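Heads up, the thing below is written out as structure tokens.
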Amino acid sequence: MKTLFIEDKVKYIGSQLVPHWIYKNYKIQGDAIVAFCGECDVKLTEMVDIEDVINNEPIYSKYMLSFITEQFNVELIEGVFRQRLLVSSIKETLEDRDFIVKRRGDDLFVNNKKLSVSIATKSLTSVLIHTGLNIISEGAPIEVSGLESDLKIKDIKNFALEVMKRYSEEINDIVMASTKVRGV
């Protein structure tokens with residue numbers, strides 16, 4: 001799986017969660033994960049999480065670290081497993097830095113405050129995952145934790161690179177592990 005940290009600020013509005021967004025914008029073809037920082041403002045009209053739409057819960061963060069991954073030849077249920085693996089990779093990366101993080105499904109919490117948002121969906125050609133982590137906690141519609149404001153992580157790019165490396169190596173290792181067994 002290919003990885004890229006996008007240096008430019010990108011405002012995540014939900015419309016990026018479409019097939020080939022990574023390929024069209026960053027010329028990375030195939031399974032990939034990218035990360036970027038910027039405001040997050042997902043209106044109900046752009047949301048793919050129907051539960052959030054029903055509950056009238058748009059997503060907003062003044063400054064968020066977003067991960068988008070597109071993976072091909074994967075069904076939605078496996079995509080949700082991969083989403084949980086990404087969230088677990090983030091949790092482990094934070095725990096390696098001595099933070100206490102709780103995971104409930106695809107959500108991460110620090111000091112009982114929500115740190116993350118995440119969704120997995122299926123397109124005609126791929127599975128798409130967005131996971132976002134608040135960098136600053138101010139301005140969010142609910143009480144949240146932020147990587148910089150609460151956890152004092154200043155090296156957001158390096159943190160994102162660690163997460164993407166961990167996740168891509170895990171996915172690659174799973175694929176390789178599936179090739180070494182004898183069928184029964």
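Each chain in the structure tokens gets a letter, A, B and so on, in the order shown; residues start at 1 in every chain, and ligands are counted from 1 in the order they appear.
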Using only C-alpha atoms, what table do you get, as JSON lines, when you list each residue of range 6-124 of chain A with an atom no more than 12 Å from range 149-169 of chain A, its nearest pair of atoms, and their distance in Å rounded to one decimal, rows by chain then rising number?
```
{"residue": "A:Ile6", "atom": "CA", "partner": "A:Lys157", "partner_atom": "CA", "distance": 9.1}
{"residue": "A:Glu7", "atom": "CA", "partner": "A:Lys157", "partner_atom": "CA", "distance": 8.5}
{"residue": "A:Asp8", "atom": "CA", "partner": "A:Lys157", "partner_atom": "CA", "distance": 11.5}
{"residue": "A:Lys9", "atom": "CA", "partner": "A:Lys157", "partner_atom": "CA", "distance": 11.9}
{"residue": "A:Asp31", "atom": "CA", "partner": "A:Ser168", "partner_atom": "CA", "distance": 9.4}
{"residue": "A:Ala32", "atom": "CA", "partner": "A:Ser168", "partner_atom": "CA", "distance": 8.3}
{"residue": "A:Ile33", "atom": "CA", "partner": "A:Met164", "partner_atom": "CA", "distance": 6.8}
{"residue": "A:Val34", "atom": "CA", "partner": "A:Met164", "partner_atom": "CA", "distance": 7.7}
{"residue": "A:Ala35", "atom": "CA", "partner": "A:Ala160", "partner_atom": "CA", "distance": 6.5}
{"residue": "A:Phe36", "atom": "CA", "partner": "A:Lys157", "partner_atom": "CA", "distance": 8.3}
{"residue": "A:Cys37", "atom": "CA", "partner": "A:Ile156", "partner_atom": "CA", "distance": 8.5}
{"residue": "A:Gly38", "atom": "CA", "partner": "A:Ile156", "partner_atom": "CA", "distance": 11.6}
{"residue": "A:Lys62", "atom": "CA", "partner": "A:Ser149", "partner_atom": "CA", "distance": 11.9}
{"residue": "A:Tyr63", "atom": "CA", "partner": "A:Ser149", "partner_atom": "CA", "distance": 10.5}
{"residue": "A:Met64", "atom": "CA", "partner": "A:Ile156", "partner_atom": "CA", "distance": 10.0}
{"residue": "A:Leu65", "atom": "CA", "partner": "A:Ile156", "partner_atom": "CA", "distance": 7.7}
{"residue": "A:Ser66", "atom": "CA", "partner": "A:Ala160", "partner_atom": "CA", "distance": 8.9}
{"residue": "A:Phe67", "atom": "CA", "partner": "A:Ala160", "partner_atom": "CA", "distance": 8.3}
{"residue": "A:Ile68", "atom": "CA", "partner": "A:Met164", "partner_atom": "CA", "distance": 10.2}
{"residue": "A:Thr69", "atom": "CA", "partner": "A:Met164", "partner_atom": "CA", "distance": 9.7}
{"residue": "A:Glu70", "atom": "CA", "partner": "A:Ser168", "partner_atom": "CA", "distance": 11.7}
{"residue": "A:Gln71", "atom": "CA", "partner": "A:Ser168", "partner_atom": "CA", "distance": 11.0}
{"residue": "A:Arg82", "atom": "CA", "partner": "A:Tyr167", "partner_atom": "CA", "distance": 9.1}
{"residue": "A:Gln83", "atom": "CA", "partner": "A:Tyr167", "partner_atom": "CA", "distance": 10.0}
{"residue": "A:Arg84", "atom": "CA", "partner": "A:Tyr167", "partner_atom": "CA", "distance": 10.6}
{"residue": "A:Leu85", "atom": "CA", "partner": "A:Tyr167", "partner_atom": "CA", "distance": 7.3}
{"residue": "A:Leu86", "atom": "CA", "partner": "A:Tyr167", "partner_atom": "CA", "distance": 5.9}
{"residue": "A:Val87", "atom": "CA", "partner": "A:Tyr167", "partner_atom": "CA", "distance": 9.1}
{"residue": "A:Ser88", "atom": "CA", "partner": "A:Tyr167", "partner_atom": "CA", "distance": 8.9}
{"residue": "A:Ser89", "atom": "CA", "partner": "A:Tyr167", "partner_atom": "CA", "distance": 5.9}
{"residue": "A:Ile90", "atom": "CA", "partner": "A:Val163", "partner_atom": "CA", "distance": 5.7}
{"residue": "A:Lys91", "atom": "CA", "partner": "A:Val163", "partner_atom": "CA", "distance": 9.1}
{"residue": "A:Glu92", "atom": "CA", "partner": "A:Val163", "partner_atom": "CA", "distance": 8.7}
{"residue": "A:Thr93", "atom": "CA", "partner": "A:Val163", "partner_atom": "CA", "distance": 6.3}
{"residue": "A:Leu94", "atom": "CA", "partner": "A:Phe159", "partner_atom": "CA", "distance": 8.6}
{"residue": "A:Glu95", "atom": "CA", "partner": "A:Leu151", "partner_atom": "CA", "distance": 11.6}
{"residue": "A:Asp96", "atom": "CA", "partner": "A:Glu162", "partner_atom": "CA", "distance": 10.6}
{"residue": "A:Arg97", "atom": "CA", "partner": "A:Ile153", "partner_atom": "CA", "distance": 9.5}
{"residue": "A:Asp98", "atom": "CA", "partner": "A:Leu151", "partner_atom": "CA", "distance": 10.3}
{"residue": "A:Phe99", "atom": "CA", "partner": "A:Leu151", "partner_atom": "CA", "distance": 7.9}
{"residue": "A:Ile100", "atom": "CA", "partner": "A:Leu151", "partner_atom": "CA", "distance": 10.2}
{"residue": "A:Val101", "atom": "CA", "partner": "A:Leu151", "partner_atom": "CA", "distance": 10.9}
{"residue": "A:Phe109", "atom": "CA", "partner": "A:Leu151", "partner_atom": "CA", "distance": 11.7}
{"residue": "A:Val110", "atom": "CA", "partner": "A:Leu151", "partner_atom": "CA", "distance": 8.7}
{"residue": "A:Asn111", "atom": "CA", "partner": "A:Asp150", "partner_atom": "CA", "distance": 9.5}
{"residue": "A:Lys113", "atom": "CA", "partner": "A:Asp150", "partner_atom": "CA", "distance": 10.2}
{"residue": "A:Lys114", "atom": "CA", "partner": "A:Asp150", "partner_atom": "CA", "distance": 11.5}
{"residue": "A:Leu115", "atom": "CA", "partner": "A:Asp150", "partner_atom": "CA", "distance": 9.9}
```
Using only C-alpha atoms, which residues sit within 8 Å of Tyr12 in chain A once same-chain residues fewer than 2 positions away are excluded, as an mmCIF file with N, CA and C atoms, in the first residue's frame?
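Saved the output as selection_0.cif:
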```cif
data_model
loop_
_atom_site.group_PDB
_atom_site.id
_atom_site.type_symbol
_atom_site.label_atom_id
_atom_site.label_comp_id
_atom_site.auth_asym_id
_atom_site.auth_seq_id
_atom_site.Cartn_x
_atom_site.Cartn_y
_atom_site.Cartn_z
ATOM 1 N N VAL A 10 -5.755 20.957 3.428
ATOM 2 C CA VAL A 10 -6.915 20.501 2.679
ATOM 3 C C VAL A 10 -8.116 20.561 3.610
ATOM 4 N N GLY A 14 -16.043 16.010 2.929
ATOM 5 C CA GLY A 14 -16.771 14.776 2.645
ATOM 6 C C GLY A 14 -16.771 14.401 1.180
ATOM 7 N N SER A 15 -16.686 15.383 0.303
ATOM 8 C CA SER A 15 -16.705 15.088 -1.131
ATOM 9 C C SER A 15 -15.428 14.379 -1.594
ATOM 10 N N GLN A 16 -14.403 14.361 -0.763
ATOM 11 C CA GLN A 16 -13.167 13.663 -1.107
ATOM 12 C C GLN A 16 -13.312 12.145 -0.969
ATOM 13 N N GLY A 38 -6.196 20.166 8.055
ATOM 14 C CA GLY A 38 -7.040 21.273 7.645
ATOM 15 C C GLY A 38 -8.355 21.249 8.398
ATOM 16 N N GLU A 39 -9.176 22.226 8.095
ATOM 17 C CA GLU A 39 -10.505 22.289 8.683
ATOM 18 C C GLU A 39 -11.317 21.094 8.194
ATOM 19 N N CYS A 40 -12.270 20.664 9.009
ATOM 20 C CA CYS A 40 -13.200 19.597 8.635
ATOM 21 C C CYS A 40 -14.606 20.143 8.823
ATOM 22 N N ASP A 41 -15.376 20.133 7.751
ATOM 23 C CA ASP A 41 -16.743 20.658 7.807
ATOM 24 C C ASP A 41 -17.615 19.822 6.869
ATOM 25 N N VAL A 42 -18.175 18.740 7.403
ATOM 26 C CA VAL A 42 -18.986 17.822 6.606
ATOM 27 C C VAL A 42 -20.455 18.093 6.887
ATOM 28 N N SER A 66 -6.586 14.342 8.849
ATOM 29 C CA SER A 66 -7.446 13.385 8.158
ATOM 30 C C SER A 66 -6.614 12.333 7.451
#
```
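Using only C-alpha atoms for every distance, the candidate list A:Leu128, A:Gly139, A:Phe81, A:Ser61 yields A:Ser61 as the residue closest to Lys11 in chain A.
Remark: for Phe72 in chain A, the closest of the candidate residues A:Leu124, A:Ile50, A:Ala140, A:Leu44 is A:Leu124 (distances computed over only C-alpha atoms).
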Using DSSP assignments from the backbone, pull out every residue in range 12-119 of chain A that falls under helix (DSSP H, G or I) and give it to me as an NGL selection string. :A and (21-26 or 44-46 or 50-54 or 76-96)
Residues near Val74 in chain A, cut-off 9 Å, only C-alpha atoms, skip fewer than 5 positions along chain, as JSON, numbers by chain: {"A": [79, 122, 125, 126, 127]}
What parts of chain A does DSSP call strand (DSSP E or B)? I'd like the answer as a PDB file with N, CA and C atoms, in the first residue's frame.
```pdb
ATOM      1  N   LYS A   2       0.525   2.184  -0.859  1.00  0.00           N
ATOM      2  CA  LYS A   2       1.300   3.415  -0.974  1.00  0.00           C
ATOM      3  C   LYS A   2       0.806   4.434   0.054  1.00  0.00           C
ATOM      4  N   THR A   3       1.706   5.310   0.496  1.00  0.00           N
ATOM      5  CA  THR A   3       1.362   6.326   1.493  1.00  0.00           C
ATOM      6  C   THR A   3       1.858   7.691   1.026  1.00  0.00           C
ATOM      7  N   LEU A   4       1.162   8.733   1.491  1.00  0.00           N
ATOM      8  CA  LEU A   4       1.583  10.099   1.181  1.00  0.00           C
ATOM      9  C   LEU A   4       1.056  11.040   2.245  1.00  0.00           C
ATOM     10  N   PHE A   5       1.946  11.914   2.743  1.00  0.00           N
ATOM     11  CA  PHE A   5       1.498  13.027   3.568  1.00  0.00           C
ATOM     12  C   PHE A   5       1.402  14.234   2.658  1.00  0.00           C
ATOM     13  N   TYR A  12     -11.419  19.188   4.613  1.00  0.00           N
ATOM     14  CA  TYR A  12     -12.188  17.969   4.360  1.00  0.00           C
ATOM     15  C   TYR A  12     -13.673  18.281   4.482  1.00  0.00           C
ATOM     16  N   ALA A  32      -3.986   2.816  -1.470  1.00  0.00           N
ATOM     17  CA  ALA A  32      -3.187   3.922  -0.933  1.00  0.00           C
ATOM     18  C   ALA A  32      -3.863   4.510   0.290  1.00  0.00           C
ATOM     19  N   ILE A  33      -3.040   5.173   1.106  1.00  0.00           N
ATOM     20  CA  ILE A  33      -3.532   5.970   2.221  1.00  0.00           C
ATOM     21  C   ILE A  33      -2.788   7.297   2.180  1.00  0.00           C
ATOM     22  N   VAL A  34      -3.552   8.388   2.345  1.00  0.00           N
ATOM     23  CA  VAL A  34      -2.958   9.720   2.399  1.00  0.00           C
ATOM     24  C   VAL A  34      -3.401  10.390   3.693  1.00  0.00           C
ATOM     25  N   ALA A  35      -2.624  11.367   4.129  1.00  0.00           N
ATOM     26  CA  ALA A  35      -2.971  12.143   5.318  1.00  0.00           C
ATOM     27  C   ALA A  35      -2.761  13.611   5.004  1.00  0.00           C
ATOM     28  N   PHE A  36      -3.581  14.457   5.636  1.00  0.00           N
ATOM     29  CA  PHE A  36      -3.463  15.896   5.457  1.00  0.00           C
ATOM     30  C   PHE A  36      -4.106  16.587   6.644  1.00  0.00           C
ATOM     31  N   CYS A  37      -3.781  17.856   6.810  1.00  0.00           N
ATOM     32  CA  CYS A  37      -4.341  18.655   7.892  1.00  0.00           C
ATOM     33  C   CYS A  37      -5.193  19.772   7.304  1.00  0.00           C
ATOM     34  N   GLY A  38      -6.196  20.166   8.055  1.00  0.00           N
ATOM     35  CA  GLY A  38      -7.040  21.273   7.645  1.00  0.00           C
ATOM     36  C   GLY A  38      -8.355  21.249   8.398  1.00  0.00           C
ATOM     37  N   GLU A  39      -9.176  22.226   8.095  1.00  0.00           N
ATOM     38  CA  GLU A  39     -10.505  22.289   8.683  1.00  0.00           C
ATOM     39  C   GLU A  39     -11.317  21.094   8.194  1.00  0.00           C
ATOM     40  N   CYS A  40     -12.270  20.664   9.009  1.00  0.00           N
ATOM     41  CA  CYS A  40     -13.200  19.597   8.635  1.00  0.00           C
ATOM     42  C   CYS A  40     -14.606  20.143   8.823  1.00  0.00           C
ATOM     43  N   ASP A  41     -15.376  20.133   7.751  1.00  0.00           N
ATOM     44  CA  ASP A  41     -16.743  20.658   7.807  1.00  0.00           C
ATOM     45  C   ASP A  41     -17.615  19.822   6.869  1.00  0.00           C
ATOM     46  N   VAL A  42     -18.175  18.740   7.403  1.00  0.00           N
ATOM     47  CA  VAL A  42     -18.986  17.822   6.606  1.00  0.00           C
ATOM     48  C   VAL A  42     -20.455  18.093   6.887  1.00  0.00           C
ATOM     49  N   ILE A  59     -20.402  17.056  11.030  1.00  0.00           N
ATOM     50  CA  ILE A  59     -19.067  16.963  11.634  1.00  0.00           C
ATOM     51  C   ILE A  59     -18.322  18.273  11.386  1.00  0.00           C
ATOM     52  N   TYR A  60     -17.709  18.797  12.456  1.00  0.00           N
ATOM     53  CA  TYR A  60     -16.919  20.008  12.315  1.00  0.00           C
ATOM     54  C   TYR A  60     -15.709  19.971  13.245  1.00  0.00           C
ATOM     55  N   SER A  61     -14.578  20.413  12.711  1.00  0.00           N
ATOM     56  CA  SER A  61     -13.370  20.624  13.497  1.00  0.00           C
ATOM     57  C   SER A  61     -12.599  21.764  12.860  1.00  0.00           C
ATOM     58  N   LYS A  62     -12.129  22.702  13.681  1.00  0.00           N
ATOM     59  CA  LYS A  62     -11.347  23.826  13.153  1.00  0.00           C
ATOM     60  C   LYS A  62     -10.060  23.350  12.490  1.00  0.00           C
ATOM     61  N   TYR A  63      -9.475  22.283  13.059  1.00  0.00           N
ATOM     62  CA  TYR A  63      -8.207  21.785  12.531  1.00  0.00           C
ATOM     63  C   TYR A  63      -8.103  20.309  12.838  1.00  0.00           C
ATOM     64  N   MET A  64      -8.040  19.494  11.788  1.00  0.00           N
ATOM     65  CA  MET A  64      -8.090  18.047  11.927  1.00  0.00           C
ATOM     66  C   MET A  64      -7.005  17.402  11.079  1.00  0.00           C
ATOM     67  N   LEU A  65      -6.463  16.301  11.569  1.00  0.00           N
ATOM     68  CA  LEU A  65      -5.605  15.418  10.787  1.00  0.00           C
ATOM     69  C   LEU A  65      -6.519  14.370  10.176  1.00  0.00           C
ATOM     70  N   SER A  66      -6.586  14.342   8.849  1.00  0.00           N
ATOM     71  CA  SER A  66      -7.446  13.385   8.158  1.00  0.00           C
ATOM     72  C   SER A  66      -6.614  12.333   7.451  1.00  0.00           C
ATOM     73  N   PHE A  67      -7.103  11.111   7.491  1.00  0.00           N
ATOM     74  CA  PHE A  67      -6.560  10.006   6.703  1.00  0.00           C
ATOM     75  C   PHE A  67      -7.659   9.567   5.751  1.00  0.00           C
ATOM     76  N   ILE A  68      -7.312   9.418   4.482  1.00  0.00           N
ATOM     77  CA  ILE A  68      -8.221   8.816   3.512  1.00  0.00           C
ATOM     78  C   ILE A  68      -7.485   7.643   2.888  1.00  0.00           C
ATOM     79  N   THR A  69      -8.156   6.511   2.849  1.00  0.00           N
ATOM     80  CA  THR A  69      -7.582   5.357   2.178  1.00  0.00           C
ATOM     81  C   THR A  69      -8.585   4.798   1.186  1.00  0.00           C
ATOM     82  N   GLU A  70      -8.063   4.375   0.056  1.00  0.00           N
ATOM     83  CA  GLU A  70      -8.868   3.668  -0.936  1.00  0.00           C
ATOM     84  C   GLU A  70      -8.206   2.333  -1.193  1.00  0.00           C
ATOM     85  N   GLN A  71      -9.022   1.272  -1.116  1.00  0.00           N
ATOM     86  CA  GLN A  71      -8.502  -0.075  -1.301  1.00  0.00           C
ATOM     87  C   GLN A  71      -9.438  -0.837  -2.231  1.00  0.00           C
ATOM     88  N   PHE A  72      -8.842  -1.505  -3.199  1.00  0.00           N
ATOM     89  CA  PHE A  72      -9.579  -2.173  -4.258  1.00  0.00           C
ATOM     90  C   PHE A  72      -9.750  -3.665  -3.979  1.00  0.00           C
ATOM     91  N   LYS A 102      -8.787   4.992  24.756  1.00  0.00           N
ATOM     92  CA  LYS A 102      -9.862   3.990  24.752  1.00  0.00           C
ATOM     93  C   LYS A 102     -10.456   3.941  23.357  1.00  0.00           C
ATOM     94  N   ARG A 103     -10.743   2.728  22.886  1.00  0.00           N
ATOM     95  CA  ARG A 103     -11.404   2.553  21.598  1.00  0.00           C
ATOM     96  C   ARG A 103     -12.770   1.942  21.833  1.00  0.00           C
ATOM     97  N   ARG A 104     -13.783   2.553  21.239  1.00  0.00           N
ATOM     98  CA  ARG A 104     -15.126   1.979  21.212  1.00  0.00           C
ATOM     99  C   ARG A 104     -15.536   1.909  19.753  1.00  0.00           C
ATOM    100  N   ASP A 107     -14.330   4.585  17.186  1.00  0.00           N
ATOM    101  CA  ASP A 107     -14.083   5.863  17.855  1.00  0.00           C
ATOM    102  C   ASP A 107     -12.974   5.735  18.895  1.00  0.00           C
ATOM    103  N   LEU A 108     -12.137   6.785  18.977  1.00  0.00           N
ATOM    104  CA  LEU A 108     -11.085   6.852  19.986  1.00  0.00           C
ATOM    105  C   LEU A 108     -11.396   7.972  20.971  1.00  0.00           C
ATOM    106  N   PHE A 109     -11.079   7.712  22.247  1.00  0.00           N
ATOM    107  CA  PHE A 109     -11.336   8.675  23.314  1.00  0.00           C
ATOM    108  C   PHE A 109     -10.082   8.839  24.166  1.00  0.00           C
ATOM    109  N   VAL A 110      -9.812  10.080  24.546  1.00  0.00           N
ATOM    110  CA  VAL A 110      -8.745  10.402  25.487  1.00  0.00           C
ATOM    111  C   VAL A 110      -9.392  11.243  26.582  1.00  0.00           C
ATOM    112  N   LYS A 113     -13.038  12.056  26.276  1.00  0.00           N
ATOM    113  CA  LYS A 113     -13.438  13.017  25.249  1.00  0.00           C
ATOM    114  C   LYS A 113     -13.089  12.431  23.883  1.00  0.00           C
ATOM    115  N   LYS A 114     -13.996  12.596  22.940  1.00  0.00           N
ATOM    116  CA  LYS A 114     -13.828  12.000  21.616  1.00  0.00           C
ATOM    117  C   LYS A 114     -12.664  12.657  20.868  1.00  0.00           C
ATOM    118  N   SER A 116     -11.690  11.187  17.673  1.00  0.00           N
ATOM    119  CA  SER A 116     -11.728  10.802  16.265  1.00  0.00           C
ATOM    120  C   SER A 116     -13.136  10.749  15.688  1.00  0.00           C
ATOM    121  N   VAL A 117     -13.168  10.787  14.356  1.00  0.00           N
ATOM    122  CA  VAL A 117     -14.348  10.426  13.576  1.00  0.00           C
ATOM    123  C   VAL A 117     -13.867   9.432  12.526  1.00  0.00           C
ATOM    124  N   SER A 118     -14.749   8.534  12.104  1.00  0.00           N
ATOM    125  CA  SER A 118     -14.321   7.565  11.106  1.00  0.00           C
ATOM    126  C   SER A 118     -15.530   6.965  10.410  1.00  0.00           C
ATOM    127  N   ILE A 119     -15.347   6.654   9.132  1.00  0.00           N
ATOM    128  CA  ILE A 119     -16.391   6.006   8.348  1.00  0.00           C
ATOM    129  C   ILE A 119     -15.728   5.162   7.255  1.00  0.00           C
ATOM    130  N   ALA A 120     -16.365   4.056   6.948  1.00  0.00           N
ATOM    131  CA  ALA A 120     -15.955   3.224   5.819  1.00  0.00           C
ATOM    132  C   ALA A 120     -17.174   3.067   4.919  1.00  0.00           C
ATOM    133  N   THR A 121     -16.950   3.120   3.609  1.00  0.00           N
ATOM    134  CA  THR A 121     -18.046   2.954   2.656  1.00  0.00           C
ATOM    135  C   THR A 121     -17.532   2.221   1.429  1.00  0.00           C
ATOM    136  N   LYS A 122     -18.455   1.790   0.626  1.00  0.00           N
ATOM    137  CA  LYS A 122     -18.121   1.018  -0.581  1.00  0.00           C
ATOM    138  C   LYS A 122     -18.528   1.809  -1.810  1.00  0.00           C
ATOM    139  N   SER A 126     -14.190   0.198  -5.106  1.00  0.00           N
ATOM    140  CA  SER A 126     -13.258   0.155  -3.979  1.00  0.00           C
ATOM    141  C   SER A 126     -13.983   0.361  -2.661  1.00  0.00           C
ATOM    142  N   VAL A 127     -13.214   0.211  -1.595  1.00  0.00           N
ATOM    143  CA  VAL A 127     -13.649   0.617  -0.264  1.00  0.00           C
ATOM    144  C   VAL A 127     -12.904   1.898   0.067  1.00  0.00           C
ATOM    145  N   LEU A 128     -13.630   2.845   0.641  1.00  0.00           N
ATOM    146  CA  LEU A 128     -13.076   4.142   1.015  1.00  0.00           C
ATOM    147  C   LEU A 128     -13.238   4.332   2.511  1.00  0.00           C
ATOM    148  N   ILE A 129     -12.186   4.826   3.147  1.00  0.00           N
ATOM    149  CA  ILE A 129     -12.211   5.065   4.593  1.00  0.00           C
ATOM    150  C   ILE A 129     -11.711   6.479   4.849  1.00  0.00           C
ATOM    151  N   HIS A 130     -12.438   7.197   5.691  1.00  0.00           N
ATOM    152  CA  HIS A 130     -11.933   8.469   6.214  1.00  0.00           C
ATOM    153  C   HIS A 130     -11.876   8.342   7.725  1.00  0.00           C
ATOM    154  N   THR A 131     -10.750   8.695   8.286  1.00  0.00           N
ATOM    155  CA  THR A 131     -10.607   8.795   9.734  1.00  0.00           C
ATOM    156  C   THR A 131      -9.953  10.136  10.027  1.00  0.00           C
ATOM    157  N   GLY A 132     -10.569  10.892  10.920  1.00  0.00           N
ATOM    158  CA  GLY A 132     -10.045  12.198  11.281  1.00  0.00           C
ATOM    159  C   GLY A 132      -9.787  12.292  12.768  1.00  0.00           C
ATOM    160  N   LEU A 133      -8.707  12.988  13.114  1.00  0.00           N
ATOM    161  CA  LEU A 133      -8.336  13.215  14.512  1.00  0.00           C
ATOM    162  C   LEU A 133      -8.272  14.711  14.747  1.00  0.00           C
ATOM    163  N   ASN A 134      -8.980  15.197  15.745  1.00  0.00           N
ATOM    164  CA  ASN A 134      -8.909  16.606  16.082  1.00  0.00           C
ATOM    165  C   ASN A 134      -7.471  16.961  16.438  1.00  0.00           C
ATOM    166  N   VAL A 144     -14.343  17.520  22.839  1.00  0.00           N
ATOM    167  CA  VAL A 144     -13.411  16.613  22.170  1.00  0.00           C
ATOM    168  C   VAL A 144     -12.004  16.792  22.714  1.00  0.00           C
TER     169      VAL A 144
END
```
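The space separating CA of Glu148 in chain A from CA of Asn56 in chain A comes to 28.0 Å.
Note that CA of Glu75 in chain A and CA of Lys180 in chain A are 22.1 Å apart.
Atom pair CA of Leu17 in chain A / CA of Asp52 in chain A has a distance of 16.1 Å (rounded to one decimal).
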